[in-house]
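coords_30.pdb (PDB, C-alpha atoms, pLDDT in the B column) appears below.
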ATOM      1  CA  MET A1078     -17.976   5.433 -32.550  1.00 34.00           C
ATOM      2  CA  SER A1079     -20.850   3.091 -32.956  1.00 35.00           C
ATOM      3  CA  GLU A1080     -24.151   4.587 -31.840  1.00 37.00           C
ATOM      4  CA  ASN A1081     -25.444   1.289 -30.410  1.00 39.00           C
ATOM      5  CA  ALA A1082     -25.856   2.576 -26.860  1.00 39.00           C
ATOM      6  CA  THR A1083     -28.739   2.937 -24.506  1.00 34.00           C
ATOM      7  CA  PRO A1084     -29.796   6.481 -23.490  1.00 33.00           C
ATOM      8  CA  GLY A1085     -27.354   8.029 -21.068  1.00 37.00           C
ATOM      9  CA  GLU A1086     -24.705   5.424 -21.842  1.00 43.00           C
ATOM     10  CA  ALA A1087     -21.471   6.048 -23.702  1.00 42.00           C
ATOM     11  CA  PRO A1088     -21.644   4.545 -27.210  1.00 43.00           C
ATOM     12  CA  ARG A1089     -19.616   1.409 -27.807  1.00 47.00           C
ATOM     13  CA  ARG A1090     -17.182   0.873 -30.637  1.00 49.00           C
ATOM     14  CA  ASP A1091     -17.530  -2.051 -32.984  1.00 52.00           C
ATOM     15  CA  PRO A1092     -14.094  -3.708 -32.681  1.00 50.00           C
ATOM     16  CA  GLU A1093     -14.185  -4.547 -36.383  1.00 54.00           C
ATOM     17  CA  GLU A1094     -14.208  -0.804 -37.163  1.00 59.00           C
ATOM     18  CA  LEU A1095     -10.796  -0.327 -35.529  1.00 61.00           C
ATOM     19  CA  PRO A1096      -7.506  -0.720 -37.407  1.00 65.00           C
ATOM     20  CA  ALA A1097      -6.020  -4.175 -36.910  1.00 67.00           C
ATOM     21  CA  ALA A1098      -2.805  -2.759 -35.426  1.00 65.00           C
ATOM     22  CA  ILE A1099      -4.787  -1.003 -32.680  1.00 65.00           C
ATOM     23  CA  ARG A1100      -7.005  -4.024 -31.946  1.00 66.00           C
ATOM     24  CA  GLU A1101      -4.017  -6.314 -31.575  1.00 71.00           C
ATOM     25  CA  ALA A1102      -2.175  -3.947 -29.235  1.00 75.00           C
ATOM     26  CA  VAL A1103      -5.061  -3.556 -26.762  1.00 86.00           C
ATOM     27  CA  PRO A1104      -5.046  -6.148 -23.951  1.00 93.00           C
ATOM     28  CA  ASP A1105      -8.073  -8.256 -23.115  1.00 93.00           C
ATOM     29  CA  TYR A1106      -8.833  -7.430 -19.493  1.00 95.00           C
ATOM     30  CA  ASP A1107     -11.411 -10.171 -18.869  1.00 93.00           C
ATOM     31  CA  ASP A1108     -13.395  -7.346 -17.254  1.00 96.00           C
ATOM     32  CA  GLU A1109     -16.234  -5.717 -19.181  1.00 96.00           C
ATOM     33  CA  TYR A1110     -15.842  -2.366 -17.452  1.00 98.00           C
ATOM     34  CA  LEU A1111     -12.069  -2.107 -18.015  1.00 97.00           C
ATOM     35  CA  ASP A1112     -12.466  -3.340 -21.586  1.00 95.00           C
ATOM     36  CA  ARG A1113     -14.861  -0.481 -22.273  1.00 95.00           C
ATOM     37  CA  VAL A1114     -12.543   2.009 -20.581  1.00 97.00           C
ATOM     38  CA  SER A1115      -9.751   0.782 -22.829  1.00 94.00           C
ATOM     39  CA  ASP A1116     -11.979   1.627 -25.823  1.00 91.00           C
ATOM     40  CA  ARG A1117     -11.703   5.256 -24.762  1.00 92.00           C
ATOM     41  CA  LEU A1118      -7.995   5.198 -24.029  1.00 93.00           C
ATOM     42  CA  MET A1119      -6.622   3.056 -26.850  1.00 90.00           C
ATOM     43  CA  TYR A1120      -6.024   5.824 -29.386  1.00 84.00           C
ATOM     44  CA  SER A1121      -3.901   8.010 -27.126  1.00 88.00           C
ATOM     45  CA  TYR A1122      -2.391   5.623 -24.580  1.00 94.00           C
ATOM     46  CA  ASP A1123      -0.194   2.546 -24.592  1.00 94.00           C
ATOM     47  CA  LEU A1124      -2.138   0.030 -22.494  1.00 96.00           C
ATOM     48  CA  ASP A1125      -1.023  -2.929 -20.428  1.00 97.00           C
ATOM     49  CA  ARG A1126      -2.625  -5.342 -17.962  1.00 97.00           C
ATOM     50  CA  ASP A1127      -1.698  -7.162 -14.743  1.00 97.00           C
ATOM     51  CA  VAL A1128       1.317  -5.002 -14.001  1.00 97.00           C
ATOM     52  CA  VAL A1129       3.234  -4.904 -10.707  1.00 97.00           C
ATOM     53  CA  VAL A1130       5.001  -1.622  -9.916  1.00 97.00           C
ATOM     54  CA  ASP A1131       6.936  -1.194  -6.682  1.00 94.00           C
ATOM     55  CA  GLY A1132       5.031  -4.112  -5.183  1.00 95.00           C
ATOM     56  CA  GLU A1133       1.614  -2.710  -6.160  1.00 97.00           C
ATOM     57  CA  ARG A1134      -0.479  -4.717  -8.623  1.00 97.00           C
ATOM     58  CA  PHE A1135      -2.782  -3.020 -11.140  1.00 98.00           C
ATOM     59  CA  GLU A1136      -5.237  -4.628 -13.538  1.00 98.00           C
ATOM     60  CA  MET A1137      -4.747  -1.781 -16.034  1.00 98.00           C
ATOM     61  CA  THR A1138      -1.920   0.639 -16.734  1.00 98.00           C
ATOM     62  CA  ALA A1139      -1.743   3.287 -19.446  1.00 97.00           C
ATOM     63  CA  GLU A1140       0.997   5.586 -20.637  1.00 96.00           C
ATOM     64  CA  MET A1141       0.828   8.633 -22.878  1.00 94.00           C
ATOM     65  CA  ARG A1142       3.566  10.903 -24.200  1.00 88.00           C
ATOM     66  CA  VAL A1143       2.946  14.152 -26.081  1.00 82.00           C
ATOM     67  CA  ARG A1144       5.454  16.579 -27.568  1.00 65.00           C
ATOM     68  CA  ASN A1145       4.280  20.113 -28.328  1.00 60.00           C
ATOM     69  CA  GLN A1146       6.480  21.779 -30.920  1.00 48.00           C
ATOM     70  CA  LYS A1147       6.381  25.201 -32.526  1.00 49.00           C
ATOM     71  CA  GLN A1148       7.858  25.572 -36.006  1.00 41.00           C
ATOM     72  CA  PHE A1149       9.312  28.462 -37.940  1.00 45.00           C
ATOM     73  CA  LEU A1150       8.728  28.009 -41.699  1.00 46.00           C
ATOM     74  CA  HIS A1151      10.065  24.430 -41.688  1.00 45.00           C
ATOM     75  CA  PRO A1152       9.759  21.462 -39.269  1.00 49.00           C
ATOM     76  CA  ALA A1153      13.543  21.370 -38.897  1.00 44.00           C
ATOM     77  CA  LEU A1154      13.423  24.892 -37.464  1.00 41.00           C
ATOM     78  CA  SER A1155      11.519  24.099 -34.287  1.00 42.00           C
ATOM     79  CA  TYR A1156      11.545  25.871 -30.950  1.00 41.00           C
ATOM     80  CA  ALA A1157       9.718  25.909 -27.625  1.00 46.00           C
ATOM     81  CA  ASP A1158       9.491  22.091 -27.516  1.00 55.00           C
ATOM     82  CA  HIS A1159       7.587  20.766 -24.488  1.00 66.00           C
ATOM     83  CA  ASP A1160       7.058  17.204 -23.316  1.00 79.00           C
ATOM     84  CA  LEU A1161       3.928  16.091 -21.520  1.00 89.00           C
ATOM     85  CA  MET A1162       3.424  12.604 -20.050  1.00 94.00           C
ATOM     86  CA  GLU A1163       0.800  10.748 -18.088  1.00 97.00           C
ATOM     87  CA  TYR A1164       0.945   7.411 -16.289  1.00 98.00           C
ATOM     88  CA  VAL A1165      -2.359   5.811 -15.259  1.00 98.00           C
ATOM     89  CA  PHE A1166      -2.615   2.950 -12.756  1.00 98.00           C
ATOM     90  CA  ALA A1167      -6.029   1.342 -12.217  1.00 98.00           C
ATOM     91  CA  ARG A1168      -7.028  -1.480  -9.879  1.00 98.00           C
ATOM     92  CA  ARG A1169     -10.208  -3.020  -8.558  1.00 97.00           C
ATOM     93  CA  VAL A1170     -10.960  -2.880  -4.852  1.00 97.00           C
ATOM     94  CA  SER A1171     -14.013  -3.653  -2.757  1.00 97.00           C
ATOM     95  CA  THR A1172     -14.325  -0.646  -0.464  1.00 97.00           C
ATOM     96  CA  PRO A1173     -11.431   1.835  -0.459  1.00 98.00           C
ATOM     97  CA  SER A1174     -10.251   3.601   2.685  1.00 98.00           C
ATOM     98  CA  VAL A1175      -8.582   6.974   3.141  1.00 98.00           C
ATOM     99  CA  ALA A1176      -5.470   5.206   4.442  1.00 98.00           C
ATOM    100  CA  ALA A1177      -5.285   3.070   1.286  1.00 97.00           C
ATOM    101  CA  VAL A1178      -5.676   6.135  -0.908  1.00 98.00           C
ATOM    102  CA  GLU A1179      -2.968   7.986   1.022  1.00 98.00           C
ATOM    103  CA  ARG A1180      -0.637   5.024   0.526  1.00 97.00           C
ATOM    104  CA  LEU A1181      -1.249   5.183  -3.214  1.00 98.00           C
ATOM    105  CA  VAL A1182      -0.453   8.902  -3.188  1.00 98.00           C
ATOM    106  CA  GLU A1183       2.979   7.990  -1.809  1.00 98.00           C
ATOM    107  CA  PHE A1184       3.239   5.320  -4.496  1.00 98.00           C
ATOM    108  CA  ALA A1185       2.491   7.955  -7.159  1.00 98.00           C
ATOM    109  CA  HIS A1186       5.250  10.201  -5.802  1.00 98.00           C
ATOM    110  CA  ASP A1187       7.669   7.269  -6.000  1.00 98.00           C
ATOM    111  CA  VAL A1188       6.640   6.684  -9.622  1.00 98.00           C
ATOM    112  CA  ALA A1189       7.284  10.334 -10.399  1.00 97.00           C
ATOM    113  CA  ASP A1190      10.692  10.200  -8.722  1.00 96.00           C
ATOM    114  CA  GLU A1191      11.627   7.203 -10.857  1.00 96.00           C
ATOM    115  CA  ARG A1192      10.139   8.222 -14.201  1.00 95.00           C
ATOM    116  CA  VAL A1193      10.127  11.995 -14.525  1.00 94.00           C
ATOM    117  CA  ASP A1194      13.059  13.185 -16.613  1.00 88.00           C
ATOM    118  CA  ALA A1195      13.341  16.770 -15.407  1.00 88.00           C
ATOM    119  CA  HIS A1196      14.894  19.081 -18.011  1.00 86.00           C
ATOM    120  CA  GLU A1197      14.164  22.355 -19.793  1.00 86.00           C
ATOM    121  CA  GLU A1198      11.784  20.734 -22.307  1.00 84.00           C
ATOM    122  CA  HIS A1199       9.754  18.870 -19.690  1.00 88.00           C
ATOM    123  CA  TYR A1200       6.445  20.658 -19.223  1.00 89.00           C
ATOM    124  CA  GLY A1201       4.532  18.259 -17.012  1.00 92.00           C
ATOM    125  CA  THR A1202       3.894  14.682 -15.952  1.00 96.00           C
ATOM    126  CA  ASP A1203       0.664  13.386 -14.454  1.00 97.00           C
ATOM    127  CA  VAL A1204       0.565  10.249 -12.314  1.00 98.00           C
ATOM    128  CA  THR A1205      -3.059   9.165 -12.016  1.00 98.00           C
ATOM    129  CA  VAL A1206      -4.238   6.400  -9.694  1.00 98.00           C
ATOM    130  CA  VAL A1207      -7.720   4.962 -10.270  1.00 98.00           C
ATOM    131  CA  LEU A1208      -9.609   2.714  -7.863  1.00 98.00           C
ATOM    132  CA  VAL A1209     -12.574   0.822  -9.305  1.00 98.00           C
ATOM    133  CA  ALA A1210     -14.710   0.063  -6.264  1.00 98.00           C
ATOM    134  CA  ASP A1211     -18.025  -1.481  -5.254  1.00 98.00           C
ATOM    135  CA  ARG A1212     -18.884   1.714  -3.402  1.00 97.00           C
ATOM    136  CA  ILE A1213     -17.302   5.028  -2.430  1.00 98.00           C
ATOM    137  CA  PRO A1214     -17.330   5.821   1.317  1.00 98.00           C
ATOM    138  CA  ASP A1215     -18.116   9.424   2.224  1.00 98.00           C
ATOM    139  CA  ASP A1216     -14.711  10.057   3.807  1.00 98.00           C
ATOM    140  CA  VAL A1217     -12.921   8.782   0.711  1.00 98.00           C
ATOM    141  CA  ALA A1218     -15.103  10.949  -1.514  1.00 98.00           C
ATOM    142  CA  ALA A1219     -14.311  14.011   0.604  1.00 98.00           C
ATOM    143  CA  PHE A1220     -10.577  13.277   0.576  1.00 98.00           C
ATOM    144  CA  VAL A1221     -10.385  12.750  -3.185  1.00 98.00           C
ATOM    145  CA  ASP A1222     -12.669  15.655  -4.076  1.00 96.00           C
ATOM    146  CA  GLY A1223     -10.481  18.115  -2.176  1.00 89.00           C
ATOM    147  CA  PHE A1224      -7.161  16.657  -3.312  1.00 97.00           C
ATOM    148  CA  ARG A1225      -4.521  18.607  -5.254  1.00 96.00           C
ATOM    149  CA  ASP A1226      -0.837  17.657  -5.278  1.00 97.00           C
ATOM    150  CA  ARG A1227       1.476  19.446  -7.726  1.00 97.00           C
ATOM    151  CA  THR A1228       5.253  19.491  -7.363  1.00 96.00           C
ATOM    152  CA  LEU A1229       7.348  22.094  -9.180  1.00 95.00           C
ATOM    153  CA  LEU A1230      10.703  20.900 -10.449  1.00 94.00           C
ATOM    154  CA  LYS A1231      13.562  23.347  -9.973  1.00 90.00           C
ATOM    155  CA  PHE A1232      10.997  26.080  -9.132  1.00 86.00           C
ATOM    156  CA  GLY A1233       9.083  25.218 -12.300  1.00 86.00           C
ATOM    157  CA  TYR A1234      12.045  25.690 -14.638  1.00 88.00           C
ATOM    158  CA  TYR A1235      11.926  21.937 -15.336  1.00 91.00           C
ATOM    159  CA  GLY A1236       8.149  21.838 -15.349  1.00 91.00           C
ATOM    160  CA  HIS A1237       6.109  19.973 -12.753  1.00 94.00           C
ATOM    161  CA  TYR A1238       4.486  16.687 -11.927  1.00 96.00           C
ATOM    162  CA  GLU A1239       1.022  16.166 -10.494  1.00 97.00           C
ATOM    163  CA  VAL A1240      -0.615  13.315  -8.616  1.00 98.00           C
ATOM    164  CA  ASN A1241      -4.257  12.706  -9.531  1.00 98.00           C
ATOM    165  CA  LEU A1242      -6.848  10.466  -7.884  1.00 98.00           C
ATOM    166  CA  VAL A1243     -10.006   8.851  -9.253  1.00 98.00           C
ATOM    167  CA  VAL A1244     -12.382   6.542  -7.383  1.00 98.00           C
ATOM    168  CA  VAL A1245     -15.266   5.085  -9.357  1.00 98.00           C
ATOM    169  CA  ALA A1246     -18.120   2.725  -8.505  1.00 98.00           C
ATOM    170  CA  PRO A1247     -19.401   1.759 -11.974  1.00 98.00           C
ATOM    171  CA  GLU A1248     -22.421  -0.237 -10.791  1.00 97.00           C
ATOM    172  CA  ARG A1249     -23.629   2.808  -8.864  1.00 97.00           C
ATOM    173  CA  GLU A1250     -22.660   5.253 -11.643  1.00 97.00           C
ATOM    174  CA  ALA A1251     -20.660   7.201  -9.069  1.00 98.00           C
ATOM    175  CA  LEU A1252     -17.249   8.781  -9.515  1.00 98.00           C
ATOM    176  CA  VAL A1253     -15.155  11.250  -7.576  1.00 98.00           C
ATOM    177  CA  ALA A1254     -11.923  12.742  -8.898  1.00 98.00           C
ATOM    178  CA  SER A1255      -9.301  15.201  -7.774  1.00 98.00           C
ATOM    179  CA  GLU A1256      -9.203  18.659  -9.302  1.00 94.00           C
ATOM    180  CA  SER A1257      -6.890  17.978 -12.257  1.00 94.00           C
ATOM    181  CA  ALA A1258      -7.786  14.355 -13.003  1.00 96.00           C
ATOM    182  CA  ASP A1259      -8.976  14.810 -16.582  1.00 93.00           C
ATOM    183  CA  THR A1260      -8.568  11.088 -17.210  1.00 94.00           C
ATOM    184  CA  ALA A1261     -11.657  10.563 -15.052  1.00 96.00           C
ATOM    185  CA  ALA A1262     -13.771  11.181 -18.167  1.00 95.00           C
ATOM    186  CA  ALA A1263     -12.625   7.855 -19.605  1.00 96.00           C
ATOM    187  CA  PHE A1264     -13.928   5.993 -16.544  1.00 97.00           C
ATOM    188  CA  ARG A1265     -17.354   7.676 -16.447  1.00 97.00           C
ATOM    189  CA  LEU A1266     -18.906   5.277 -18.949  1.00 96.00           C
ATOM    190  CA  TRP A1267     -22.475   6.287 -18.224  1.00 95.00           C
ATOM    191  CA  GLU A1268     -21.783   9.723 -19.740  1.00 88.00           C
ATOM    192  CA  ARG A1269     -20.595  10.725 -23.161  1.00 79.00           C
ATOM    193  CA  VAL A1270     -17.152  12.306 -23.364  1.00 67.00           C
ATOM    194  CA  GLU A1271     -17.561  15.950 -24.265  1.00 64.00           C
ATOM    195  CA  GLN A1272     -15.159  17.621 -26.668  1.00 58.00           C
ATOM    196  CA  PRO A1273     -12.791  19.729 -24.511  1.00 55.00           C
ATOM    197  CA  ASP A1274     -12.205  23.429 -25.004  1.00 55.00           C
ATOM    198  CA  GLU A1275      -9.079  24.435 -26.896  1.00 48.00           C
ATOM    199  CA  GLY A1276      -6.113  25.141 -24.659  1.00 47.00           C
ATOM    200  CA  PHE A1277      -2.485  24.305 -24.097  1.00 42.00           C
ATOM    201  CA  PHE A1278      -1.920  20.956 -25.843  1.00 43.00           C
ATOM    202  CA  SER A1279      -5.725  20.959 -26.263  1.00 45.00           C
ATOM    203  CA  ARG A1280      -5.548  19.373 -22.800  1.00 50.00           C
ATOM    204  CA  PHE A1281      -3.621  16.253 -23.699  1.00 47.00           C
ATOM    205  CA  ALA A1282      -4.364  16.486 -27.417  1.00 44.00           C
ATOM    206  CA  LYS A1283      -8.140  15.913 -27.055  1.00 48.00           C
ATOM    207  CA  ARG A1284      -7.153  12.481 -25.899  1.00 48.00           C
ATOM    208  CA  PHE A1285     -10.622  10.946 -25.563  1.00 46.00           C
ATOM    209  CA  TRP A1286     -12.344  12.748 -28.428  1.00 42.00           C
ATOM    210  CA  ARG A1287     -12.592  10.298 -31.324  1.00 43.00           C
TER     211      ARG A1287
END

Turn this file's structure into structure tokens for me.
Amino acid sequence: MSENATPGEAPRRDPEELPAAIREAVPDYDDEYLDRVSDRLMYSYDLDRDVVVDGERFEMTAEMRVRNQKQFLHPALSYADHDLMEYVFARRVSTPSVAAVERLVEFAHDVADERVDAHEEHYGTDVTVVLVADRIPDDVAAFVDGFRDRTLLKFGYYGHYEVNLVVVAPEREALVASESADTAAAFRLWERVEQPDEGFFSRFAKRFWR
């Protein structure tokens, strides 16, 4: 990353330092905040803009797929394969309400129903909804902060899917996220992204650490 950042601000990349194939694949969001978020997501996610899903419009969407594979002596002799996916849907709003957030939780469940391919090698799928707001009302902050919604598939034999929520007010440098919403780090531009601890899949393959 380029170090041309003010104190307390995440450093910006110089676009010319990025491989041409990556630069060309990243949409132009016509939104400085979302453009800078995309700088954090571009290496690990496939990004899109102005997408309508089930009647809901989002300025930014992102999709990531990871396969964890153990090998015995040779790559052809693999075992314990696990698939991990995440779908991110981000939109701008003025002032979110609890009712609007609850509606998007139902939307996320519908996405999971449509997209999760439940089988023995499926470990987990995250569906993360992000609202970029002018401000975060106290009741919305309380709802999101205490939110956790994980669904086991076939009692966990086919893995699970989880709905995550993030509400961010960039101008106020305020963000609230549900318990497992690791993607929130990409939207907290006023802080540097810390290198995560090692763990299963290195928590989505250290997806923001570049």

(request) Would you kindly translate the PyMOL selection byres ((chain A and resi 1171) around 12) into the concrete residues it picks from this file, as JSON, numbers by chain? (result) {"A": [1168, 1169, 1170, 1172, 1173, 1174, 1177, 1208, 1209, 1210, 1211, 1212, 1213, 1214, 1244, 1245, 1246, 1247]}

(request) Within 8 Å of segment 1109-1117 of chain A, counting all atoms listed in the file, which residues show up once you throw out same-chain ones fewer than 2 positions away? Write them as a VMD selection string, please. (result) chain A and resid 1089 to 1090 1103 1105 to 1107 1119 to 1120 1124 1137 1247 1263 to 1264 1266 1285

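Near segment 1190-1200 of chain A, within a cut-off of 9 Å and counting all atoms listed in the file, sit the residues Ala1157, Asp1158, His1159, Asp1160, Leu1161, Met1162, Ala1185, Leu1230, Lys1231, Gly1233, Tyr1234, Tyr1235, Gly1236, His1237 and Tyr1238 of chain A, with same-chain residues fewer than 5 positions away left out.
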
Mind writing the picked residues with C-alpha atoms as a PDB file, keeping the file's coordinate frame?
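Okay, this is what ended up in out-v3.pdb:
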ATOM      1  CA  ALA A1157       9.718  25.909 -27.625  1.00 46.00           C
ATOM      2  CA  ASP A1158       9.491  22.091 -27.516  1.00 55.00           C
ATOM      3  CA  HIS A1159       7.587  20.766 -24.488  1.00 66.00           C
ATOM      4  CA  ASP A1160       7.058  17.204 -23.316  1.00 79.00           C
ATOM      5  CA  LEU A1161       3.928  16.091 -21.520  1.00 89.00           C
ATOM      6  CA  MET A1162       3.424  12.604 -20.050  1.00 94.00           C
ATOM      7  CA  ALA A1185       2.491   7.955  -7.159  1.00 98.00           C
ATOM      8  CA  LEU A1230      10.703  20.900 -10.449  1.00 94.00           C
ATOM      9  CA  LYS A1231      13.562  23.347  -9.973  1.00 90.00           C
ATOM     10  CA  GLY A1233       9.083  25.218 -12.300  1.00 86.00           C
ATOM     11  CA  TYR A1234      12.045  25.690 -14.638  1.00 88.00           C
ATOM     12  CA  TYR A1235      11.926  21.937 -15.336  1.00 91.00           C
ATOM     13  CA  GLY A1236       8.149  21.838 -15.349  1.00 91.00           C
ATOM     14  CA  HIS A1237       6.109  19.973 -12.753  1.00 94.00           C
ATOM     15  CA  TYR A1238       4.486  16.687 -11.927  1.00 96.00           C
TER      16      TYR A1238
END

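Nearest to Tyr1164 of chain A of all the residues A:Val1204, A:Leu1181, A:Asp1187, A:Glu1136 is A:Val1204, based on all atoms listed in the file.
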
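One finds atom CA of Asp1127 of chain A at 9.9 Å from atom CA of Ala1167 of chain A.
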
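From atom CA of Gly1201 of chain A back to atom CA of Arg1142 of chain A, the distance works out to 10.3 Å.
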
(message) Taking 6 positions as the minimum chain separation for residues in the same chain, which residues sit within 7 Å of segment 1251-1261 of chain A when counting all atoms listed in the file? Answer as a PyMOL selection string.
(response) chain A and resi 1218+1221-1225+1241-1245

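The space separating atom CA of Val1240 of chain A from atom CA of Ala1262 of chain A comes to 16.4 Å.
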